[in-house]
$ cat final-v1.cif   # mmCIF, C-alpha atoms and all ligand atoms
data_input
loop_
_atom_site.label_atom_id
_atom_site.label_comp_id
_atom_site.auth_asym_id
_atom_site.auth_seq_id
_atom_site.Cartn_x
_atom_site.Cartn_y
_atom_site.Cartn_z
CA MET A 274 -15.56 18.89 -5.33
CA ARG A 275 -14.98 17.18 -8.66
CA LEU A 276 -13.78 13.56 -8.59
CA ASP A 277 -12.43 11.84 -11.73
CA TYR A 278 -11.48 8.16 -11.93
CA LEU A 279 -9.24 6.81 -14.69
CA SER A 280 -9.36 3.01 -14.92
CA ILE A 281 -9.72 0.09 -17.35
CA PHE A 282 -12.62 -0.98 -15.11
CA PRO A 283 -14.69 2.24 -14.72
CA GLY A 284 -17.68 0.15 -13.65
CA TYR A 285 -16.07 -0.17 -10.20
CA PHE A 286 -17.19 3.40 -9.56
CA ASP A 287 -20.90 2.86 -10.25
CA VAL A 288 -21.13 2.16 -6.52
CA LEU A 289 -20.48 5.84 -5.82
CA GLY A 290 -24.10 6.51 -6.74
CA ILE A 291 -25.24 4.61 -3.62
CA SER A 292 -25.79 5.76 -0.03
CA LEU A 293 -24.39 8.99 1.35
CA LEU A 294 -22.01 9.41 -1.56
CA GLY A 295 -24.96 9.26 -3.93
CA LYS A 296 -26.76 11.82 -1.80
CA ALA A 297 -23.71 14.08 -1.88
CA ALA A 298 -23.67 13.85 -5.65
CA VAL A 299 -27.37 14.74 -5.76
CA ASN A 300 -26.79 17.66 -3.40
CA GLY A 301 -24.02 18.93 -5.64
CA LEU A 302 -21.36 18.45 -2.96
CA VAL A 303 -19.40 16.16 -5.27
CA ASP A 304 -19.40 15.58 -9.02
CA VAL A 305 -18.19 12.10 -10.01
CA TYR A 306 -16.80 11.14 -13.45
CA ALA A 307 -15.46 7.66 -14.27
CA HIS A 308 -13.41 7.24 -17.45
CA ASP A 309 -12.30 4.12 -19.35
CA LEU A 310 -8.58 4.45 -20.06
CA ARG A 311 -9.06 2.33 -23.17
CA ASP A 312 -10.97 5.24 -24.74
CA TRP A 313 -7.53 6.79 -25.32
CA THR A 314 -6.09 3.83 -27.23
CA HIS A 315 -6.01 3.63 -31.01
CA ASP A 316 -5.50 -0.01 -31.92
CA ARG A 317 -8.08 -2.70 -32.56
CA HIS A 318 -7.35 -4.43 -29.26
CA ARG A 319 -7.43 -1.18 -27.29
CA THR A 320 -4.04 -2.06 -25.82
CA VAL A 321 -2.99 -0.39 -22.55
CA ASP A 322 -0.02 -2.54 -21.55
CA ASP A 323 3.32 -3.84 -22.76
CA THR A 324 6.24 -5.93 -21.48
CA PRO A 325 8.53 -4.31 -18.87
CA CYS A 326 11.77 -2.70 -20.12
CA GLY A 327 14.66 -4.56 -18.51
CA GLY A 328 12.65 -7.80 -18.43
CA GLY A 329 10.66 -9.31 -15.58
CA ALA A 330 7.26 -10.89 -15.10
CA GLY A 331 3.92 -9.36 -15.96
CA MET A 332 3.01 -6.30 -17.96
CA VAL A 333 3.35 -2.54 -17.46
CA MET A 334 0.72 0.08 -18.35
CA LYS A 335 1.84 2.13 -21.37
CA PRO A 336 2.27 5.92 -20.85
CA ASP A 337 0.54 7.02 -24.08
CA PRO A 338 -3.12 6.40 -23.10
CA TRP A 339 -2.56 8.08 -19.72
CA GLY A 340 -1.02 11.15 -21.33
CA GLU A 341 -3.86 11.54 -23.83
CA ALA A 342 -6.44 10.99 -21.11
CA PHE A 343 -4.76 13.63 -18.92
CA ASP A 344 -4.79 16.09 -21.83
CA GLU A 345 -8.53 15.66 -22.35
CA ILE A 346 -9.70 15.26 -18.75
CA ILE A 347 -7.41 17.71 -16.92
CA GLY A 348 -5.75 19.83 -19.61
CA THR A 349 -2.29 20.62 -20.92
CA GLU A 350 -1.43 23.50 -18.59
CA PRO A 351 0.16 23.03 -15.11
CA ASP A 352 -2.30 23.57 -12.26
CA PRO A 353 -1.20 22.71 -8.70
CA SER A 354 -4.81 23.04 -7.50
CA VAL A 355 -5.55 19.72 -9.25
CA HIS A 356 -4.67 16.78 -7.00
CA VAL A 357 -3.80 13.52 -8.77
CA VAL A 358 -3.89 10.38 -6.63
CA PHE A 359 -2.07 7.18 -7.59
CA PRO A 360 -3.07 4.39 -5.16
CA SER A 361 0.02 2.18 -5.01
CA PRO A 362 1.65 -0.41 -2.70
CA SER A 363 4.81 1.68 -2.93
CA GLY A 364 3.04 4.89 -1.95
CA GLU A 365 3.19 6.85 1.30
CA PRO A 366 0.72 5.68 3.98
CA PHE A 367 -2.79 7.04 3.45
CA THR A 368 -3.87 8.44 6.82
CA GLN A 369 -6.77 10.42 8.29
CA SER A 370 -4.50 13.45 8.08
CA VAL A 371 -4.09 12.99 4.31
CA ALA A 372 -7.86 12.45 4.01
CA HIS A 373 -8.43 15.69 5.89
CA ASP A 374 -6.03 17.60 3.64
CA LEU A 375 -7.71 16.25 0.49
CA SER A 376 -11.22 17.06 1.78
CA SER A 377 -10.61 20.77 1.19
CA VAL A 378 -9.42 20.59 -2.41
CA GLU A 379 -11.65 21.32 -5.38
CA ARG A 380 -10.53 18.55 -7.72
CA ILE A 381 -9.10 15.05 -7.33
CA VAL A 382 -8.19 12.72 -10.21
CA PHE A 383 -7.70 9.08 -9.22
CA CYS A 384 -5.37 7.06 -11.49
CA CYS A 385 -6.03 3.36 -10.99
CA GLY A 386 -3.19 1.13 -12.12
CA ARG A 387 -3.51 -2.51 -13.10
CA TYR A 388 -1.08 -5.27 -14.15
CA GLU A 389 2.34 -4.71 -12.49
CA GLY A 390 1.78 -0.96 -12.46
CA ILE A 391 1.97 2.22 -14.52
CA ASP A 392 5.05 3.39 -16.52
CA HIS A 393 6.81 5.65 -14.01
CA ARG A 394 7.03 8.49 -16.53
CA VAL A 395 3.25 8.94 -16.13
CA ILE A 396 3.75 9.78 -12.45
CA ASP A 397 6.76 11.98 -13.20
CA TYR A 398 4.77 13.85 -15.85
CA ALA A 399 1.83 14.29 -13.47
CA ARG A 400 4.21 15.66 -10.81
CA SER A 401 5.43 18.26 -13.33
CA MET A 402 1.86 19.44 -13.91
CA TRP A 403 -0.30 18.91 -10.80
CA THR A 404 -0.10 18.02 -7.12
CA VAL A 405 0.52 14.27 -6.94
CA HIS A 406 -0.14 11.84 -4.09
CA GLU A 407 1.21 8.29 -4.38
CA VAL A 408 -0.55 6.63 -1.44
CA SER A 409 -0.83 3.15 0.00
CA LEU A 410 -3.71 1.78 2.10
CA GLY A 411 -1.52 -0.92 3.59
CA ASP A 412 1.09 -3.61 3.11
CA TYR A 413 -0.89 -6.11 1.07
CA VAL A 414 -1.37 -6.78 -2.63
CA LEU A 415 -4.49 -5.78 -4.55
CA ASN A 416 -5.11 -6.44 -8.24
CA GLY A 417 -5.42 -2.75 -8.98
CA GLY A 418 -6.00 0.70 -7.60
CA GLU A 419 -9.81 0.83 -7.93
CA VAL A 420 -10.77 -0.56 -4.52
CA ALA A 421 -8.17 1.68 -2.88
CA ALA A 422 -9.55 4.69 -4.78
CA LEU A 423 -13.03 3.89 -3.44
CA ALA A 424 -11.73 3.66 0.14
CA ILE A 425 -9.82 6.92 -0.20
CA THR A 426 -12.92 8.56 -1.70
CA GLU A 427 -15.08 7.54 1.24
CA ALA A 428 -12.49 8.71 3.79
CA VAL A 429 -12.15 12.09 2.02
CA VAL A 430 -15.73 12.92 0.99
CA ARG A 431 -17.19 12.24 4.45
CA LEU A 432 -14.99 15.09 5.72
CA VAL A 433 -16.28 17.59 3.16
CA PRO A 434 -18.26 20.29 5.01
CA GLY A 435 -21.97 19.63 4.61
CA PHE A 436 -21.59 15.93 3.87
CA MET A 437 -22.20 14.48 7.34
CA GLY A 438 -25.54 15.32 8.94
CA ASN A 439 -23.90 15.66 12.36
CA PRO A 440 -20.30 17.00 12.02
CA GLN A 441 -19.81 16.39 15.78
CA SER A 442 -19.69 12.64 15.10
CA LEU A 443 -16.49 13.24 13.13
CA ALA A 444 -14.77 14.74 16.17
CA GLU A 445 -15.01 11.54 18.25
CA GLU A 446 -13.87 9.00 15.66
CA SER A 447 -10.66 7.03 15.75
CA PHE A 448 -7.65 9.00 14.53
CA SER A 449 -9.55 12.30 14.71
CA ALA A 450 -7.92 15.31 16.31
CA GLY A 451 -10.65 15.26 18.95
CA GLN A 452 -9.43 11.84 20.01
CA ASP A 453 -5.76 12.89 20.14
CA GLY A 454 -5.17 10.34 17.37
CA LEU A 455 -6.27 7.52 19.69
CA LEU A 456 -8.54 4.60 18.76
CA GLU A 457 -12.24 5.12 19.44
CA TYR A 458 -13.65 3.71 22.71
CA PRO A 459 -16.07 0.72 22.62
CA LEU A 460 -19.68 1.65 21.74
CA PHE A 461 -22.92 0.33 23.26
CA THR A 462 -26.64 0.89 22.78
CA ARG A 463 -29.89 -0.70 24.12
CA PRO A 464 -30.83 -3.29 25.30
CA VAL A 465 -28.80 -2.77 28.49
CA SER A 466 -28.50 -6.57 28.89
CA TRP A 467 -28.09 -8.82 25.86
CA ARG A 468 -27.34 -12.57 25.99
CA GLY A 469 -25.88 -12.18 29.48
CA LEU A 470 -23.68 -9.26 28.42
CA ASP A 471 -24.37 -5.88 30.04
CA VAL A 472 -23.60 -2.31 29.03
CA PRO A 473 -20.86 -0.97 31.40
CA GLU A 474 -22.67 0.58 34.39
CA VAL A 475 -20.82 3.87 34.09
CA LEU A 476 -22.44 4.52 30.71
CA MET A 477 -25.89 4.27 32.31
CA SER A 478 -24.94 6.45 35.30
CA GLY A 479 -25.76 9.78 33.68
CA HIS A 480 -22.52 11.09 35.26
CA HIS A 481 -20.94 12.88 32.29
CA GLY A 482 -17.55 13.33 33.94
CA ARG A 483 -17.24 9.65 34.82
CA ILE A 484 -18.44 8.65 31.36
CA ALA A 485 -15.87 10.91 29.67
CA LYS A 486 -13.08 9.47 31.88
CA TRP A 487 -14.16 5.88 31.15
CA ARG A 488 -14.17 6.58 27.42
CA ARG A 489 -10.73 8.25 27.54
CA ASP A 490 -9.28 5.40 29.58
CA GLU A 491 -10.70 2.85 27.13
CA SER A 492 -9.26 4.74 24.14
CA ILE A 493 -5.84 4.79 25.78
CA ARG A 494 -6.07 1.10 26.75
CA LEU A 495 -7.12 0.00 23.25
CA THR A 496 -4.50 2.13 21.54
CA ARG A 497 -1.69 0.86 23.76
CA GLU A 498 -2.83 -2.75 23.20
CA ARG A 499 -3.48 -2.61 19.46
CA ARG A 500 -1.59 0.35 18.05
CA PRO A 501 1.48 1.18 20.16
CA ASP A 502 2.76 2.98 17.05
CA LEU A 503 0.08 5.62 17.60
CA THR A 504 1.11 6.36 21.17
CA ASP A 505 4.33 8.38 20.81
CA SER A 506 6.22 9.33 23.98
CA ASP A 507 4.55 12.76 24.18
CA VAL A 508 1.07 11.29 23.82
CA SER A 509 1.90 8.56 26.35
CA ALA A 510 3.02 11.19 28.83
CA ARG A 511 -0.29 13.00 28.42
CA HIS A 512 -2.18 9.78 28.95
N1 LIG B 601 -1.70 -2.33 -1.91
C1 LIG B 601 -2.11 -1.76 -3.13
C2 LIG B 601 -1.99 -2.49 -4.34
O1 LIG B 601 -1.46 -3.75 -4.28
C3 LIG B 601 -2.40 -1.95 -5.55
C4 LIG B 601 -2.94 -0.66 -5.58
C5 LIG B 601 -3.08 0.08 -4.40
C6 LIG B 601 -2.67 -0.46 -3.18
N2 LIG B 601 -2.81 0.32 -1.96
O2 LIG B 601 -3.29 1.52 -2.06
O3 LIG B 601 -2.50 -0.16 -0.85
#
$ encode --input "final-v1.cif" --output "structure tokens" --more "lines below"
Ligand SMILES: Nc1c(O)cccc1[N+](=O)[O-]
Amino acid sequence: MRLDYLSIFPGYFDVLGISLLGKAAVNGLVDVYAHDLRDWTHDRHRTVDDTPCGGGAGMVMKPDPWGEAFDEIIGTEPDPSVHVVFPSPSGEPFTQSVAHDLSSVERIVFCCGRYEGIDHRVIDYARSMWTVHEVSLGDYVLNGGEVAALAITEAVVRLVPGFMGNPQSLAEESFSAGQDGLLEYPLFTRPVSWRGLDVPEVLMSGHHGRIAKWRRDESIRLTRERRPDLTDSDVSARH
């Protein structure tokens, strides 16, 4: 999997050389390329923004540098196998399902906006050429798309076959298919008693059936308490 990041702050992506992601890069599972959008400007100030047409506060990212960067990084021919991700507060919700879909593609280009956002024609042009995902991590305001791109990267790359040492651990995580989309149950390890707090007895019983039921019940309880939106009527009936 090749990952490209277009940003006026490419240094944000130095962190991808650390930890498991760094190991994945070493193992050839992912190839990471960060690009400075200003490399595709031609004026002394390396300008990437301008005032919004129609007025309004702030600045908008000009389309020209994006277009020239696309030409050089991706190419000038349409290719739906290239997935272009625009992290944006006005995007569709980024979910584990979207992460799973992206984990099987060969190439992802992350376009990280700053200021008030990117000239919409950049997104329209990208849609005419590649497969585009405008995605949001949540209803809050960030200063740009870089942190969101890093979060999306982690969610996607950890699902790439061969990345996780023990793929089984993926099956029991929150939002995974193995959990029916429920929240993960509470986790415990040794010591059995810690500051007057004990591990639930059932988990020390060695009774696998009782343990599995306790975990399922806890997942259902937590999901109903914290994320009623995840328990649709069908899922509720099953639970
Ligand atoms: N929320 C937000 C933002 O304010 C700017 C860029 C990306 C996102 N997001 O993905 O959620």
$ axis_aligned_box --input "final-v1.cif" --around "ligand LIG 601 (chain B)" --padding-each-side "8 Å" --output "lines of an AutoDock Vina configuration file"
center_x = -2.4
center_y = -1.1
center_z = -3.2
size_x = 17.8
size_y = 21.3
size_z = 20.7
$ closest_atom_pairs --input "final-v1.cif" --of "chain A" --to "ligand LIG 601 (chain B)" --cutoff "6 Å" --atoms "only C-alpha atoms and all ligand atoms" --output "Markdown table"
| residue | atom | partner | partner_atom | distance |
| --- | --- | --- | --- | --- |
| A:Pro360 | CA | B:LIG601 | O2 | 4.2 |
| A:Ser361 | CA | B:LIG601 | C5 | 3.8 |
| A:Pro362 | CA | B:LIG601 | N1 | 3.9 |
| A:Val408 | CA | B:LIG601 | O2 | 5.8 |
| A:Ser409 | CA | B:LIG601 | O2 | 3.6 |
| A:Leu410 | CA | B:LIG601 | O3 | 3.7 |
| A:Gly411 | CA | B:LIG601 | O3 | 4.6 |
| A:Asp412 | CA | B:LIG601 | N1 | 5.9 |
| A:Tyr413 | CA | B:LIG601 | N1 | 4.9 |
| A:Val414 | CA | B:LIG601 | O1 | 3.5 |
| A:Leu415 | CA | B:LIG601 | O1 | 3.7 |
| A:Asn416 | CA | B:LIG601 | C3 | 5.9 |
| A:Gly417 | CA | B:LIG601 | C3 | 4.6 |
| A:Gly418 | CA | B:LIG601 | C4 | 3.9 |
| A:Ala421 | CA | B:LIG601 | O2 | 5.0 |
$ atom_distance --input "final-v1.cif" --atom1 "atom CA of Ser370 of chain A" --atom2 "atom CA of Gln441 of chain A"
17.4 Å
$ residues_around --input "final-v1.cif" --residues "Pro353 of chain A" --least-positions-apart "5" --cutoff "10 Å" --atoms "only C-alpha atoms" --output "ChimeraX atom specification"
/A:400-405
$ residues_around --input "final-v1.cif" --residues "Val395 of chain A" --least-positions-apart "4" --cutoff "8 Å" --atoms "all atoms listed in the file" --output "PyMOL selection string"
chain A and resi 336+339-340+391+399
$ closest_residue --input "final-v1.cif" --among "A:Ser280, A:Gln369, A:Ser377, A:Thr426" --to "Asp312 of chain A" --atoms "only C-alpha atoms"
A:Ser280
